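Have a look at the structure below before the remarks.
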Amino acid sequence: MKKGIKAVLVIAFMLALTSGFLFAQSASESKDSSSQDVVTLEVWARGDEIKQWVPGFEAANPGIKVNVTVIPDQEMTPKLITVLGSGKGVPDLFMQEASYITYLVEAGCFADLNKAPYHINDYKDNIWDAILKVGTDSTGVVRALTWQANPGAIIYRRDIAKEFLGTDDPAEVASLLDTDEKMLEVARKMKEKGVSFVSCFKDLYDSKVASRTNPWVVDGKLVIDEQLIDFMDMAKEIIANGYDLGVDQWASEWIAAVESDSLFCYILPPWGYQYVVKPAADKTIGKWAITTPSTSYISGGSYLGIYENTPHKEEAWKFFEYVMLNDDALYEYAKNSGDFVVLKSVCEKLAQSEGEEVLGGQNPNGMFIEAMNHEFRSLNTAYDSQLNDAFVSAIKAYAAGIDKDAAIEQFKNDVKTAFPDLIVE
Amino acid sequence: MSKKGLASKTNNWGYFFIAPFIIVFIVFGLYPMVYTFQLSFQKWNGFGAVQNVGFENFKRIIADSTFPLTVKNTLKIWLCDFIPQLGFALLLSMIFTFYRIKGMKVFRAVYYLPNLITAASIGLLFNILMNGDKSTVNQLLSMLGVKSAPIAFFKSQSMTQAVVSYILWWMWFGYTTVIVMAGITSIEPDLYEAAQIDGCNRWQTFVRITLPLIRPTIIYITITSVIGGMQIFDVPANVTNMQGDPQKAILTSSMYVYQHGFKNNSFGYASALSVVLFVIIAALSYLAFKTMKGKEDR
């Protein structure tokens with residue numbers, strides 16, 4: 001009898017311990033069943049910005065609630081792998097940065113956005129082609145899209161431009177900086193007066209990566225574009241002579257430099273203005289301007305896709321459509337944030353609107369439209385984020401004094417170790 | 001005694017009391033370990049099919065020149081943190097035990113405090129304090145008139161390694177001091193009295209009585225430090241850029257496992273690296289135990 005009581009107690013205790021999991025499970029199930037009229041969409045985002053569409057969307061769609069969970073870029077894929085493996089807790093929509101998105105797009109976990117109930121083809125003519133290509137898989141199926149369009153841009157200080165270039169006119173500034181030699185020459189002059197030319201050499205690296213001829217991998221073979229090999233020398237000169245701030249992008253000093261008088265420019269797409277310059281500018285309001293570089297390219301962006309097996313297809317598409325493809329919501333967003341967007345019709349409207357206070361009244365959207373009208377090569381591969389990180393480390397090693405060939409060899413060795421299936425010559 | 005009587009004397013309540021730990025350990029400890037071992041013989045990118053590849057991953061490790069570098073980095077960072085940490089802990093314990101220091105308990109608590117902050121936050125904090133010409137530390141150095149300021153701390157390999165070792169030392173010397181002091185407290189006061197009567201001075205008492213008698217404590221500290229030290233991740237990952245820059249100077253073995261697993265999505269290889277790291281840690285722990293235990297036996 002006593003033994004029986006002990007056994008019951010042990011079992012009861014173990015059940016009590018595991019009940020946390022059981023209750024958690026049943027709670028989530030009951031949440032679904034008790035709220036039959038209201039569907040809650042789970043969105044995994046890489047930042048808070050997507051939350052700004054939620055109130056408007058929920059007001060327009062009373063039967064749908066949106067719950068946004070922010071997950072950093074590097075953790076998104078591992079977390080997705082975990083939930084996709086078990087098939088439980090997979091978000092209805094999830095996001096990733098441009099350099100990581102191809103891996104997910106090719107993995108087949110995003111739905112085909114032209115298969116009913118999705119119908120992205122209806123909007124195709126109004127979407128910038130280059131942006132559409134990034135979220136398109138190798139078989140030509142569109143699986144992810146961003147609300148941003150991100151042409152390369154130089155966000156510079158008007159007062160410093162006048163002092164060193166003799167003009168602050170965007171077109172003239174662009175032509176005075178249209179080659180690497182010209183940029184370095186200006187950087188040298190600025191350094192003599194204690195002004196850093198660019199916020200970080202990585203700004204320029206991103207522009208070179210986005211405008212190269214070949215993607216990182218062609219037919220399973222590593223390709224190091226000549227433009228990147230040449231850029232190593234430019235980067236070395238920038239780093240060694242202190243033509244940049246000497247800190248990584250997004251470091252506190254990098255952001256704080258918006259308000260300093262010792263930095264000339266950030267070379268970032270419109271999101272750089274939206275996330276870096278505009279929020280930090282206070283005493284420098286009106287002192288900034290934007291120009292587009294002579295070589296057009298697109299860089300970055302937050303891509304969103306719908307989970308292939310979501311039980312809430314209709315609702316997920318409604319949210320996707322509201323964020324990406326709704327003229328009014330997108331215009332409102334761009335006007336407030338200063339970002340440039342994916343729909344051509346909205347961009348045209350933006351080009352006609354008032355200028356930005358931080359930019360001294362300049363409206364750069366016309367320039368951005370012109371830049372986006374260029375042809376862009378498809379350069380995205382599933383290896384981009386890892387190979388870019390490794391190449392930047394090689395550039396830093398070269399700048400720190402190791403031989404250029406040794407730095408390239410080190411990069412190749414890193415690639416071989418990380419991806420033994422790639423052919424590295 | 002009958003068989004039944006013997007059985008009734010067997011105490012089953014033990015199972016009841018260890019159940020919470022055992023269940024949590026099986027789910028969150030044992031299962032992942034077994035699964036990691038299984039994955040180390042497989043190739044899997046997280047999405048596609050799992051392929052059995054036999055010892056392929058382990059052969060890859062033999063040809064991998066970066067892994068030995070990460071082990072070397074980890075050992076170097078750990079030794080530069082552990083040796084001063086133990087020395088400092090012994091010194092502080094000696095001072096706190098043999099001299100009546102006013103506010104000793106406050107000091108002990110303050111030294112322990114850095115250990116309560118999460119390592120990732122500390123890594124990030126030191127990055128903000130030291131990264132860049134206009135960082136707090138550089139501005140302070142400039143104000144103090146240091147000629148070489150601003151110093152590019154994170155552009156020099158040895159300086160970056162030293163910074164990481166320093167942070168780990170700063171985080172852990174308080175904890176080690178507390179453990180060493182606990183070891184000292186357990187020594188019989190009679191021994192000290194006897195030594196005093198025999199005319200020993202404080203140094204002789206420390207070297208001849210305290211040190212030999214706290215050897216089990218030092219063995220414990222060393223082995224737990226080997227296990228923790230060979231897995232350092234948060235601080236070096238957050239001090240620079242997760243890549244172990246400059247030039248992989250602070251790329252530790254755990255960071256390397258993380259890179260392969262969660263950046264390159266090469267879960268099989270990352271698991272094989274973990275298994276090898278486990279063997280290295282086990283061997284080092286055994287070596288440390290044997291060396292110290294051997295001395296005790298003699």
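A note on labels: chains of the structure tokens are A, B, ... as shown, every chain counts residues from 1, and ligands are counted from 1 in their shown order.
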Give me the residues of range 60-161 of chain A that have any atom at most 7 Å from an atom of range 41-53 of chain A; for each, the nearest atom pair and the distance in Å, rounded to one decimal. Use only C-alpha atoms, sort by chain and number, and format it as a Markdown table.
| residue | atom | partner | partner_atom | distance |
| --- | --- | --- | --- | --- |
| A:Lys65 | CA | A:Leu41 | CA | 6.1 |
| A:Val66 | CA | A:Leu41 | CA | 4.7 |
| A:Asn67 | CA | A:Glu42 | CA | 5.0 |
| A:Val68 | CA | A:Val43 | CA | 4.7 |
| A:Thr69 | CA | A:Trp44 | CA | 4.9 |
| A:Val70 | CA | A:Ala45 | CA | 4.8 |
| A:Ile71 | CA | A:Arg46 | CA | 5.2 |
| A:Pro72 | CA | A:Arg46 | CA | 5.4 |
| A:Asp73 | CA | A:Arg46 | CA | 6.0 |
| A:Pro91 | CA | A:Glu42 | CA | 4.9 |
| A:Asp92 | CA | A:Glu42 | CA | 5.4 |
| A:Leu93 | CA | A:Val43 | CA | 4.9 |
| A:Phe94 | CA | A:Trp44 | CA | 4.6 |
| A:Met95 | CA | A:Ala45 | CA | 5.2 |
| A:Gln96 | CA | A:Arg46 | CA | 6.4 |
Using C-alpha atoms, can you write the selected residues to a file as a PDB file, in the first residue's frame?
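What follows is the written file out19.pdb:
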ATOM      1  CA  LYS A  65      -4.817  40.631 -35.157  1.00  0.00           C
ATOM      2  CA  VAL A  66      -1.085  40.847 -35.816  1.00  0.00           C
ATOM      3  CA  ASN A  67       1.537  39.848 -33.292  1.00  0.00           C
ATOM      4  CA  VAL A  68       5.067  40.944 -34.201  1.00  0.00           C
ATOM      5  CA  THR A  69       8.124  39.287 -32.603  1.00  0.00           C
ATOM      6  CA  VAL A  70      11.481  40.935 -33.269  1.00  0.00           C
ATOM      7  CA  ILE A  71      14.378  38.541 -33.900  1.00  0.00           C
ATOM      8  CA  PRO A  72      17.900  39.683 -34.907  1.00  0.00           C
ATOM      9  CA  ASP A  73      19.136  38.704 -38.405  1.00  0.00           C
ATOM     10  CA  PRO A  91       5.170  32.173 -37.843  1.00  0.00           C
ATOM     11  CA  ASP A  92       2.700  32.995 -40.607  1.00  0.00           C
ATOM     12  CA  LEU A  93       5.052  35.567 -42.071  1.00  0.00           C
ATOM     13  CA  PHE A  94       8.757  36.090 -41.504  1.00  0.00           C
ATOM     14  CA  MET A  95      11.440  38.507 -42.565  1.00  0.00           C
ATOM     15  CA  GLN A  96      15.134  38.534 -43.300  1.00  0.00           C
TER      16      GLN A  96
END
Per-residue nearest contacts chain A to chain B, cut-off 6 Å, using only C-alpha atoms, as a tab-separated table:
residue	atom	partner	partner_atom	distance
A:Val10	CA	B:Phe16	CA	5.5
A:Pro78	CA	B:Phe262	CA	5.8
A:Ile81	CA	B:Gly46	CA	5.6
A:Val247	CA	B:Gly132	CA	5.5
A:Ala397	CA	B:Gln247	CA	5.8
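Between Ile122 in chain B and the residues B:Ile218, B:Asp234, B:Val106, B:Ile227, the shortest atom-to-atom distance, using only C-alpha atoms, involves B:Asp234.
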Exercise. Can you list, as a PyMOL selection string, every protein, DNA or RNA residue that comes within 9 Å of Phe57 in chain A when you count only C-alpha atoms, leaving out same-chain residues fewer than 4 positions away?
Worked result: chain A and resi 53+61-62+64-66+318-319+322-323
Suppose we keep C-alpha atoms; can you now write the selection as a compact mmCIF listing (two decimals), in the first residue's frame?
# COMPACT_ATOMS: atom_id res chain seq x y z
CA TRP A 53 1.45 49.17 -40.13
CA ASN A 61 -9.45 44.24 -40.89
CA PRO A 62 -11.36 43.76 -37.61
CA ILE A 64 -7.34 39.87 -37.87
CA LYS A 65 -4.82 40.63 -35.16
CA VAL A 66 -1.08 40.85 -35.82
CA LYS A 318 -4.04 40.69 -46.66
CA PHE A 319 -1.31 41.81 -44.27
CA TYR A 322 -1.29 46.08 -46.84
CA VAL A 323 2.40 46.50 -45.97
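Of note, CA of Tyr166 in chain B and CA of Leu144 in chain B are spaced 21.3 Å apart.
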Seminar exercise, completed: Min atom-atom distance to Leu277 in chain B from the set B:Val207, B:Ile184, B:Met159, B:Met255, counting only C-alpha atoms, belongs to B:Met255
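Within the 6 Å cut-off around Asn238 in chain B, using only C-alpha atoms and omitting residues fewer than 3 positions from it on the same chain, the listed residues are Gly123, Leu124 and Val235 of chain B.
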Give me a file of those residues, with N, CA and C atoms, as a PDB file, in the first residue's frame.
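Output file out_26.pdb is given in full below:
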ATOM      1  N   GLY B 123      30.459  42.240 -22.550  1.00  0.00           N
ATOM      2  CA  GLY B 123      31.190  42.312 -23.827  1.00  0.00           C
ATOM      3  C   GLY B 123      30.813  43.565 -24.591  1.00  0.00           C
ATOM      4  N   LEU B 124      29.520  43.819 -24.663  1.00  0.00           N
ATOM      5  CA  LEU B 124      29.011  44.977 -25.389  1.00  0.00           C
ATOM      6  C   LEU B 124      29.443  46.280 -24.703  1.00  0.00           C
ATOM      7  N   VAL B 235      31.671  36.953 -24.160  1.00  0.00           N
ATOM      8  CA  VAL B 235      32.532  38.142 -24.088  1.00  0.00           C
ATOM      9  C   VAL B 235      33.285  38.350 -25.411  1.00  0.00           C
TER      10      VAL B 235
END
For this session: Find the spatial neighbours of Thr210 in chain B, counting only C-alpha atoms, within a cut-off of 10 Å - ignore same-chain residues fewer than 6 positions away - and output them as a ChimeraX atom specification.
Result: /B:94,183-185,187,191-192,203-204
Exercise. Quick one, how far is CA of Leu176 in chain A from CA of Glu163 in chain A?
Worked result: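 A separation of 13.4 Å between them.
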